file final-v9.cif (mmCIF, C-alpha atoms)
data_start
#
loop_
_atom_site.label_atom_id
_atom_site.label_comp_id
_atom_site.auth_asym_id
_atom_site.auth_seq_id
_atom_site.Cartn_x
_atom_site.Cartn_y
_atom_site.Cartn_z
CA MET A 54 -43.22 -70.70 52.22
CA LYS A 55 -40.64 -72.95 53.88
CA ALA A 56 -38.16 -70.08 53.97
CA MET A 57 -40.71 -67.91 55.75
CA GLN A 58 -41.41 -70.63 58.34
CA ARG A 59 -37.69 -71.15 58.89
CA LEU A 60 -37.19 -67.41 59.38
CA ALA A 61 -40.08 -67.25 61.87
CA LEU A 62 -38.73 -70.21 63.84
CA THR A 63 -35.20 -68.82 63.89
CA SER A 64 -36.42 -65.41 65.00
CA THR A 65 -38.55 -66.92 67.76
CA LEU A 66 -35.66 -69.00 69.06
CA ALA A 67 -33.27 -66.03 68.98
CA LEU A 68 -35.71 -63.81 70.87
CA SER A 69 -36.33 -66.56 73.43
CA VAL A 70 -32.60 -66.92 74.10
CA LEU A 71 -32.25 -63.15 74.50
CA ALA A 72 -35.24 -62.97 76.83
CA LEU A 73 -33.93 -65.77 79.02
CA GLY A 74 -30.51 -64.16 79.14
CA ALA A 75 -32.08 -60.99 80.47
CA CYS A 76 -33.44 -62.92 83.45
CA GLU A 77 -30.01 -64.12 84.54
CA SER A 78 -29.34 -61.16 86.82
CA MET A 79 -32.79 -61.24 88.43
CA SER A 80 -33.21 -62.37 92.02
CA HIS A 81 -35.38 -65.37 92.85
CA ARG A 82 -38.12 -63.04 94.08
CA GLU A 83 -38.07 -61.01 90.85
CA LYS A 84 -38.26 -64.19 88.76
CA SER A 85 -41.19 -65.43 90.87
CA THR A 86 -42.96 -62.10 90.40
CA ALA A 87 -42.48 -62.19 86.63
CA ILE A 88 -43.63 -65.80 86.34
CA GLY A 89 -46.67 -65.11 88.54
CA ALA A 90 -47.61 -62.10 86.43
CA GLY A 91 -47.32 -64.12 83.22
CA VAL A 92 -49.36 -67.03 84.51
CA GLY A 93 -51.92 -64.67 86.03
CA ALA A 94 -52.27 -62.76 82.77
CA ALA A 95 -52.83 -65.97 80.83
CA ALA A 96 -55.36 -67.22 83.36
CA GLY A 97 -57.18 -63.89 83.46
CA ALA A 98 -57.40 -63.77 79.68
CA ALA A 99 -58.69 -67.36 79.55
CA VAL A 100 -61.29 -66.94 82.28
CA VAL A 101 -62.57 -63.41 81.62
CA GLY A 102 -61.61 -63.03 77.98
CA ASN A 103 -60.93 -59.29 77.86
CA THR A 104 -58.18 -56.79 78.62
CA ALA A 105 -59.40 -56.08 82.14
CA GLY A 106 -59.22 -59.77 83.00
CA THR A 107 -55.71 -60.01 81.59
CA LEU A 108 -54.49 -56.98 83.54
CA GLY A 109 -56.24 -58.07 86.74
CA GLY A 110 -54.81 -61.58 86.44
CA ALA A 111 -51.32 -60.19 85.86
CA ALA A 112 -51.58 -57.94 88.91
CA VAL A 113 -52.85 -60.70 91.21
CA GLY A 114 -50.37 -63.24 89.83
CA GLY A 115 -47.49 -60.80 90.26
CA VAL A 116 -48.39 -60.18 93.90
CA ILE A 117 -48.73 -63.90 94.62
CA GLY A 118 -45.43 -64.67 92.85
CA ASN A 119 -43.71 -61.91 94.80
CA GLN A 120 -44.90 -63.26 98.12
CA VAL A 121 -44.09 -66.87 97.25
CA GLY A 122 -40.58 -65.91 96.13
CA LYS A 123 -39.65 -63.80 99.13
CA ASP A 124 -38.49 -66.70 101.31
CA LYS A 125 -36.09 -68.19 98.75
CA LYS A 126 -32.55 -66.86 98.46
#

call {"tool": "encode", "arguments": {"input": "final-v9.cif", "output": "structure tokens"}}
result
Amino acid sequence: MKAMQRLALTSTLALSVLALGACESMSHREKSTAIGAGVGAAAGAAVVGNTAGTLGGAAVGGVIGNQVGKDKK
């Protein structure tokens, strides 16, 4: 069981490093959009509790993140 937990942890860490590396070339506005969409999706899922809430939250969060990030360079 410990070997399975170690493998899961190692895989999660490796995927996290790869995902963060992919964001390196993104502009500030693109990063803000992605973060807004992620936070909005989590909030929509928590408040509404279904797929429509998750998608709606992601859409609204993405738009807000995009607008917030447009002034930064």

call {"tool": "atom_distance", "arguments": {"input": "final-v9.cif", "atom1": "atom CA of A:Glu77", "atom2": "atom CA of A:Asp124"}}
result
19.0 Å

call {"tool": "closest_residue", "arguments": {"input": "final-v9.cif", "among": "A:Ser69, A:Thr86, A:Ser80, A:Gln58", "to": "A:Ala112", "atoms": "all atoms listed in the file"}}
result
A:Thr86

call {"tool": "residues_around", "arguments": {"input": "final-v9.cif", "residues": "stretch 88-94 of chain A", "least_positions_apart": "5", "cutoff": "10 Å", "atoms": "all atoms listed in the file", "output": "PyMOL selection string"}}
result
chain A and resi 82-83+99-100+104-122

call {"tool": "atom_distance", "arguments": {"input": "final-v9.cif", "atom1": "atom CA of A:Met79", "atom2": "atom CA of A:Lys123"}}
result
13.0 Å

call {"tool": "atom_distance", "arguments": {"input": "final-v9.cif", "atom1": "atom CA of A:Ala87", "atom2": "atom CA of A:Leu68"}}
result
17.2 Å

call {"tool": "build_atoms", "arguments": {"input": "final-v9.cif", "residues": "stretch 74-85 of chain A", "atoms": "N, CA and C atoms", "output": "CSV table (one decimal), in the coordinates of the input"}}
result
chain,number,residue,atom,x,y,z
A,74,GLY,N,-31.8,-64.7,78.7
A,74,GLY,CA,-30.5,-64.2,79.1
A,74,GLY,C,-30.7,-62.9,80.0
A,75,ALA,N,-31.8,-62.2,79.7
A,75,ALA,CA,-32.1,-61.0,80.5
A,75,ALA,C,-32.5,-61.3,81.9
A,76,CYS,N,-33.0,-62.5,82.1
A,76,CYS,CA,-33.4,-62.9,83.4
A,76,CYS,C,-32.3,-63.4,84.3
A,77,GLU,N,-31.1,-63.6,83.8
A,77,GLU,CA,-30.0,-64.1,84.5
A,77,GLU,C,-29.7,-63.3,85.8
A,78,SER,N,-29.7,-62.0,85.7
A,78,SER,CA,-29.3,-61.2,86.8
A,78,SER,C,-30.5,-60.9,87.8
A,79,MET,N,-31.7,-61.5,87.5
A,79,MET,CA,-32.8,-61.2,88.4
A,79,MET,C,-32.7,-62.1,89.7
A,80,SER,N,-33.2,-61.6,90.8
A,80,SER,CA,-33.2,-62.4,92.0
A,80,SER,C,-34.3,-63.4,91.9
A,81,HIS,N,-34.3,-64.4,92.8
A,81,HIS,CA,-35.4,-65.4,92.8
A,81,HIS,C,-36.8,-64.7,93.0
A,82,ARG,N,-36.8,-63.7,93.8
A,82,ARG,CA,-38.1,-63.0,94.1
A,82,ARG,C,-38.6,-62.3,92.8
A,83,GLU,N,-37.7,-61.7,92.1
A,83,GLU,CA,-38.1,-61.0,90.8
A,83,GLU,C,-38.5,-62.0,89.8
A,84,LYS,N,-37.8,-63.2,89.7
A,84,LYS,CA,-38.3,-64.2,88.8
A,84,LYS,C,-39.6,-64.7,89.1
A,85,SER,N,-39.9,-64.9,90.4
A,85,SER,CA,-41.2,-65.4,90.9
A,85,SER,C,-42.3,-64.4,90.5
